[in-house]
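Q: Shown below is the structure under consideration.
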Amino acid sequence: MLILAIESSCDETAAAVVRDGREVLSNVVASQVATHAEYGGVVPEIASRKHLEAVSLVVREALSGASMTLDAIEGVAVTRGPGLPGALLVGVSAAKAIAYARKLPLVGIHHIEAHLFAPFLERPVEFPFLALVVSGGHTHLYRVDGFGMYATLGQTLDDAAGEAFDKVGKLAGLPYPGGIAIDRLAAEGDPRSIHLPRPLLHDGSCNFSFSGLKTAVLNYVRKNPGSTEGEHLKNLCASFQAAVCEVLVAKTEAAILAIGAKRLVVAGGVACNSALRAGMAKMAERRGVDLRIPSPILCSDNAAMLAVPADHYLQMGMDAGLALDSLQTWRLDDVAAERR
C-alpha cells in the first residue's frame, strides 16, 4: 500500500510517501525553527499560519520526491493529536480534503504512536518492547505489545525533558532550540563540575520530574555571575545534560528490570542527544537488551513515521473518513482502547 502521510502537530509541516509502512519514498519537512527563534519558543498562532502556507507545498514535494502523483496513493494518514489545536487542524483538514477528493481511506494517528514505530522504517522491532518517548512535550515509558496495544509504565509529572532543555537553554542565553546548543557545548564541558539534583532518581517509580532540575539551574545562574559565559557555560551545559540523561537512563533501566524487557526503543526529538544515545547504548549492552534509536531525521517530527501504524490500520480496513477530528489532548492508553 502506498500511503501519503501528513504531520503538523507543532512547528514542522511534513509530508511523506511510504510503501507498505516500511519503505520511505520521500520524507519532506518544512521547519519553522527560524521563525520561532525570535520568540524563544513556539508561538501557536504563528505556527498555524505557517502550516497553512506550507502544507500544500510539502505534499507536492513529497509526491514529486516519490516520483508519483495522487493517482498512485492508496491511503492517507495524518497526525490527529495531541498537539497545538490550530496546527493539528491544518494537517487534518488537508488530509480530509485529499481523501475526499480521491475517495481514499483515511486514518488519524497519535503523534507518540508514530514515534514508537519510527525505528521500523529502518529495521522492524519484534514485539513486545519497552519504549521511551522523550521530546519537547512528552517523556513517557510504554510497554508495546503490538499495534494499538500500549501500556503506560511511567511519565513526567511536570516538564518534559525536551522542554527542560529548551528552557535551560533560554535562561543561559543560548539560541532556540536550546537542546541542540546545550548538546554541542556540553561536549566541551565537565559534567561533574556542578552538582545538580537528579529528581525522583531513587523513588522506586518509572515517573520523571524535571521542573526542580530546571529551577536548580536557574538558582545556580543567579548566584554565580558569569556562569553563562565561556568555559563556565560549557560546564553548566555538561552538568545539566548529565543530570537529565542519568535520570532518563536509570528510569528506563528500572523499567527494563520490572517487565523483563529484551528490546528497547528510544524515540522523540531528545533521542537525537548524543549523551543520551551513548548512555542508553552502554546500559543496553550491560543488560543484554536490543536497543533501537532511529536516525536523527526520524527522531524529530516527520511524516514518514505515521505510515508504519497507518499501514497496519488501513490494511485492517479502518477508515475514519470525514468524521475525523483533531484532538489537542489524547492519551495513548485511550488509543489502545479505541483500536480494540
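Letters A, B, ... go to the chains of the C-alpha cells in the order shown; residues in each chain start at 1; ligands are counted from 1 in the same order.
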Could you list, with a cut-off of 6 Å and counting only C-alpha atoms, the residues of region 220-308 of chain A near region 7-17 of chain A, each shown with its nearest atom pair and the distance in Å rounded to one decimal, rows sorted by chain and ascending number, as a Markdown table?
A:
| residue | atom | partner | partner_atom | distance |
| --- | --- | --- | --- | --- |
| A:Asn302 | CA | A:Ala14 | CA | 5.6 |
| A:Ala303 | CA | A:Glu7 | CA | 5.0 |
| A:Ala304 | CA | A:Ala16 | CA | 5.1 |
Q: Could you take the residues named above and write them with N, CA and C atoms, as a PDB file, in the first residue's frame?
A:
ATOM      1  N   ASN A 302       8.339  14.107  11.938  1.00  0.00           N
ATOM      2  CA  ASN A 302       8.332  13.863  10.497  1.00  0.00           C
ATOM      3  C   ASN A 302       7.056  13.104  10.149  1.00  0.00           C
ATOM      4  N   ALA A 303       6.740  13.001   8.894  1.00  0.00           N
ATOM      5  CA  ALA A 303       5.503  12.343   8.478  1.00  0.00           C
ATOM      6  C   ALA A 303       5.684  10.865   8.181  1.00  0.00           C
ATOM      7  N   ALA A 304       6.881  10.452   7.798  1.00  0.00           N
ATOM      8  CA  ALA A 304       7.096   9.057   7.404  1.00  0.00           C
ATOM      9  C   ALA A 304       6.744   8.090   8.530  1.00  0.00           C
TER      10      ALA A 304
END
Q: Quick one: pick out all helix (DSSP H, G or I) residues within region 277-333 of chain A from a backbone DSSP run and write them as a PDB file with C-alpha atoms, in the first residue's frame.
A:
ATOM      1  CA  ARG A 277      22.315   7.897  22.868  1.00  0.00           C
ATOM      2  CA  ALA A 278      25.672   6.967  24.394  1.00  0.00           C
ATOM      3  CA  GLY A 279      24.204   6.393  27.848  1.00  0.00           C
ATOM      4  CA  MET A 280      21.416   4.204  26.531  1.00  0.00           C
ATOM      5  CA  ALA A 281      23.880   2.186  24.436  1.00  0.00           C
ATOM      6  CA  LYS A 282      26.045   1.436  27.467  1.00  0.00           C
ATOM      7  CA  MET A 283      23.074   0.490  29.610  1.00  0.00           C
ATOM      8  CA  ALA A 284      21.561  -1.724  26.908  1.00  0.00           C
ATOM      9  CA  GLU A 285      24.833  -3.546  26.418  1.00  0.00           C
ATOM     10  CA  ARG A 286      25.157  -4.108  30.153  1.00  0.00           C
ATOM     11  CA  ARG A 287      21.611  -5.503  30.366  1.00  0.00           C
ATOM     12  CA  PRO A 296      18.067  11.805  13.834  1.00  0.00           C
ATOM     13  CA  ILE A 297      15.755  12.645  10.911  1.00  0.00           C
ATOM     14  CA  LEU A 298      13.306  10.026  12.210  1.00  0.00           C
ATOM     15  CA  CYS A 299      13.637  11.142  15.850  1.00  0.00           C
ATOM     16  CA  ALA A 304       7.096   9.057   7.404  1.00  0.00           C
ATOM     17  CA  MET A 305       6.785   7.558  10.892  1.00  0.00           C
ATOM     18  CA  LEU A 306       2.990   7.916  10.711  1.00  0.00           C
ATOM     19  CA  ALA A 307       2.857   5.429   7.867  1.00  0.00           C
ATOM     20  CA  VAL A 308       4.056   2.490   9.988  1.00  0.00           C
ATOM     21  CA  PRO A 309       0.957   2.194  12.212  1.00  0.00           C
ATOM     22  CA  ALA A 310      -1.241   3.675   9.465  1.00  0.00           C
ATOM     23  CA  ASP A 311      -0.369   0.834   7.094  1.00  0.00           C
ATOM     24  CA  HIS A 312      -1.433  -1.679   9.736  1.00  0.00           C
ATOM     25  CA  TYR A 313      -4.738   0.053  10.452  1.00  0.00           C
ATOM     26  CA  LEU A 314      -5.599   0.652   6.804  1.00  0.00           C
ATOM     27  CA  GLN A 315      -4.860  -2.982   5.976  1.00  0.00           C
ATOM     28  CA  GLY A 321     -13.448   9.365   6.733  1.00  0.00           C
ATOM     29  CA  LEU A 322     -14.748  12.894   7.078  1.00  0.00           C
ATOM     30  CA  ALA A 323     -15.736  12.225  10.695  1.00  0.00           C
ATOM     31  CA  LEU A 332      -2.000   6.847  24.131  1.00  0.00           C
ATOM     32  CA  ASP A 333      -3.762   4.454  26.512  1.00  0.00           C
TER      33      ASP A 333
END
Q: Going by DSSP on the backbone, which bits of region 98-306 of chain A are strand (DSSP E or B)? Write them as JSON, numbers by chain, please.
A: {"A": [106, 107, 108, 109, 110, 129, 130, 131, 132, 133, 134, 139, 140, 141, 142, 143, 144, 145, 146, 149, 150, 151, 152, 153, 154, 155, 156, 208, 263, 264, 265, 266, 267, 290, 291, 292]}
Q: Write to file, as a compact mmCIF listing (two decimals), in the first residue's frame, the residues of the selection just made, with N, CA and C atoms.
A:
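Result file follows (again-v1.txt):
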# COMPACT_ATOMS: atom_id res chain seq x y z
N LEU A 106 -8.84 7.05 5.10
CA LEU A 106 -8.10 8.00 5.93
C LEU A 106 -8.02 7.49 7.36
N VAL A 107 -6.84 7.60 7.96
CA VAL A 107 -6.68 7.18 9.35
C VAL A 107 -5.92 8.26 10.11
N GLY A 108 -6.38 8.55 11.34
CA GLY A 108 -5.71 9.52 12.21
C GLY A 108 -4.79 8.79 13.17
N ILE A 109 -3.56 9.26 13.28
CA ILE A 109 -2.54 8.60 14.10
C ILE A 109 -2.15 9.47 15.28
N HIS A 110 -1.96 8.83 16.43
CA HIS A 110 -1.46 9.51 17.62
C HIS A 110 0.01 9.86 17.39
N PHE A 129 8.09 -4.74 23.22
CA PHE A 129 9.29 -3.98 23.53
C PHE A 129 8.94 -2.83 24.47
N LEU A 130 9.96 -2.34 25.15
CA LEU A 130 9.83 -1.17 26.01
C LEU A 130 10.20 0.05 25.18
N ALA A 131 9.49 1.15 25.35
CA ALA A 131 9.78 2.36 24.59
C ALA A 131 9.84 3.58 25.50
N LEU A 132 10.89 4.36 25.34
CA LEU A 132 10.99 5.67 25.96
C LEU A 132 10.79 6.70 24.86
N VAL A 133 9.72 7.49 24.97
CA VAL A 133 9.48 8.58 24.03
C VAL A 133 9.79 9.88 24.76
N VAL A 134 10.79 10.58 24.28
CA VAL A 134 11.26 11.76 25.00
C VAL A 134 11.42 12.92 24.01
N THR A 139 7.56 12.87 27.89
CA THR A 139 8.58 11.97 28.43
C THR A 139 7.82 10.81 29.05
N HIS A 140 7.69 9.72 28.29
CA HIS A 140 6.87 8.58 28.70
C HIS A 140 7.60 7.26 28.48
N LEU A 141 7.30 6.32 29.34
CA LEU A 141 7.76 4.94 29.17
C LEU A 141 6.54 4.07 28.89
N TYR A 142 6.61 3.28 27.81
CA TYR A 142 5.49 2.42 27.43
C TYR A 142 5.95 0.98 27.23
N ARG A 143 5.07 0.07 27.56
CA ARG A 143 5.23 -1.31 27.09
C ARG A 143 4.39 -1.41 25.82
N VAL A 144 5.01 -1.89 24.75
CA VAL A 144 4.34 -2.00 23.46
C VAL A 144 4.23 -3.48 23.10
N ASP A 145 3.00 -3.99 23.06
CA ASP A 145 2.76 -5.40 22.77
C ASP A 145 2.33 -5.63 21.33
N GLY A 146 2.09 -4.56 20.58
CA GLY A 146 1.67 -4.67 19.19
C GLY A 146 1.07 -3.36 18.76
N MET A 149 -1.59 -1.60 20.98
CA MET A 149 -1.53 -2.31 22.27
C MET A 149 -0.43 -1.69 23.12
N TYR A 150 -0.81 -0.69 23.94
CA TYR A 150 0.15 0.09 24.71
C TYR A 150 -0.25 0.18 26.18
N ALA A 151 0.75 0.18 27.04
CA ALA A 151 0.52 0.36 28.47
C ALA A 151 1.54 1.36 29.00
N THR A 152 1.08 2.41 29.67
CA THR A 152 1.98 3.42 30.23
C THR A 152 2.60 2.91 31.52
N LEU A 153 3.93 2.92 31.57
CA LEU A 153 4.65 2.48 32.76
C LEU A 153 5.12 3.66 33.60
N GLY A 154 5.34 4.78 32.96
CA GLY A 154 5.81 5.97 33.67
C GLY A 154 5.73 7.18 32.78
N GLN A 155 5.72 8.37 33.39
CA GLN A 155 5.64 9.61 32.62
C GLN A 155 6.13 10.77 33.45
N THR A 156 6.36 11.89 32.81
CA THR A 156 6.78 13.07 33.56
C THR A 156 5.61 13.62 34.37
N PHE A 208 9.01 10.62 35.95
CA PHE A 208 10.06 11.61 35.81
C PHE A 208 9.59 12.96 36.34
N ARG A 263 13.90 -5.87 24.47
CA ARG A 263 14.07 -4.92 23.38
C ARG A 263 13.66 -3.53 23.86
N LEU A 264 14.41 -2.52 23.42
CA LEU A 264 14.18 -1.14 23.86
C LEU A 264 14.21 -0.21 22.66
N VAL A 265 13.20 0.64 22.57
CA VAL A 265 13.15 1.72 21.58
C VAL A 265 13.24 3.05 22.31
N VAL A 266 14.10 3.93 21.86
CA VAL A 266 14.19 5.29 22.38
C VAL A 266 13.91 6.22 21.20
N ALA A 267 12.88 7.04 21.32
CA ALA A 267 12.45 7.86 20.18
C ALA A 267 12.03 9.25 20.65
N ASP A 290 18.34 -5.41 23.23
CA ASP A 290 18.43 -4.95 21.85
C ASP A 290 17.90 -3.52 21.79
N LEU A 291 18.78 -2.56 21.55
CA LEU A 291 18.42 -1.14 21.56
C LEU A 291 18.22 -0.64 20.14
N ARG A 292 17.14 0.08 19.92
CA ARG A 292 16.89 0.74 18.63
C ARG A 292 16.61 2.22 18.87
Q: Quick one: everything within 6 Å of region 242-257 of chain A, counting only C-alpha atoms, minus sequence neighbours fewer than 5 positions away in the same chain. Send it as a compact mmCIF listing (two decimals) with N, CA and C atoms, in the first residue's frame.
A:
# COMPACT_ATOMS: atom_id res chain seq x y z
N PRO A 191 31.01 17.41 33.02
CA PRO A 191 29.68 17.09 33.57
C PRO A 191 29.66 16.93 35.08
N ARG A 198 19.06 15.06 40.82
CA ARG A 198 18.52 14.04 39.92
C ARG A 198 17.12 13.70 40.44
N LEU A 201 15.12 10.08 41.21
CA LEU A 201 16.04 9.04 40.74
C LEU A 201 15.88 7.74 41.53
N CYS A 206 8.67 4.66 37.85
CA CYS A 206 9.17 4.90 36.50
C CYS A 206 8.78 6.29 36.02
N LEU A 276 22.60 11.11 25.55
CA LEU A 276 21.54 10.15 25.82
C LEU A 276 21.74 8.90 24.98
N MET A 280 22.33 5.31 26.78
CA MET A 280 21.42 4.20 26.53
C MET A 280 22.16 3.01 25.93
Q: So what do you get for CA of Ser135 (chain A) versus CA of Gly162 (chain A), distance-wise?
A: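 Value for the CA of Ser135 (chain A)-CA of Gly162 (chain A) distance: 4.8 Å.
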Q: Using only C-alpha atoms, which of the listed residues (A:Leu185, A:Ile46, A:Ala37, A:Gly173) sits closest to Val221 (chain A)?
A: A:Gly173
Q: Using only C-alpha atoms, pick whichever of A:Leu84, A:Glu61, A:Val28, A:Leu121 has the shortest atom-to-atom distance to Thr329 (chain A).
A: A:Leu84
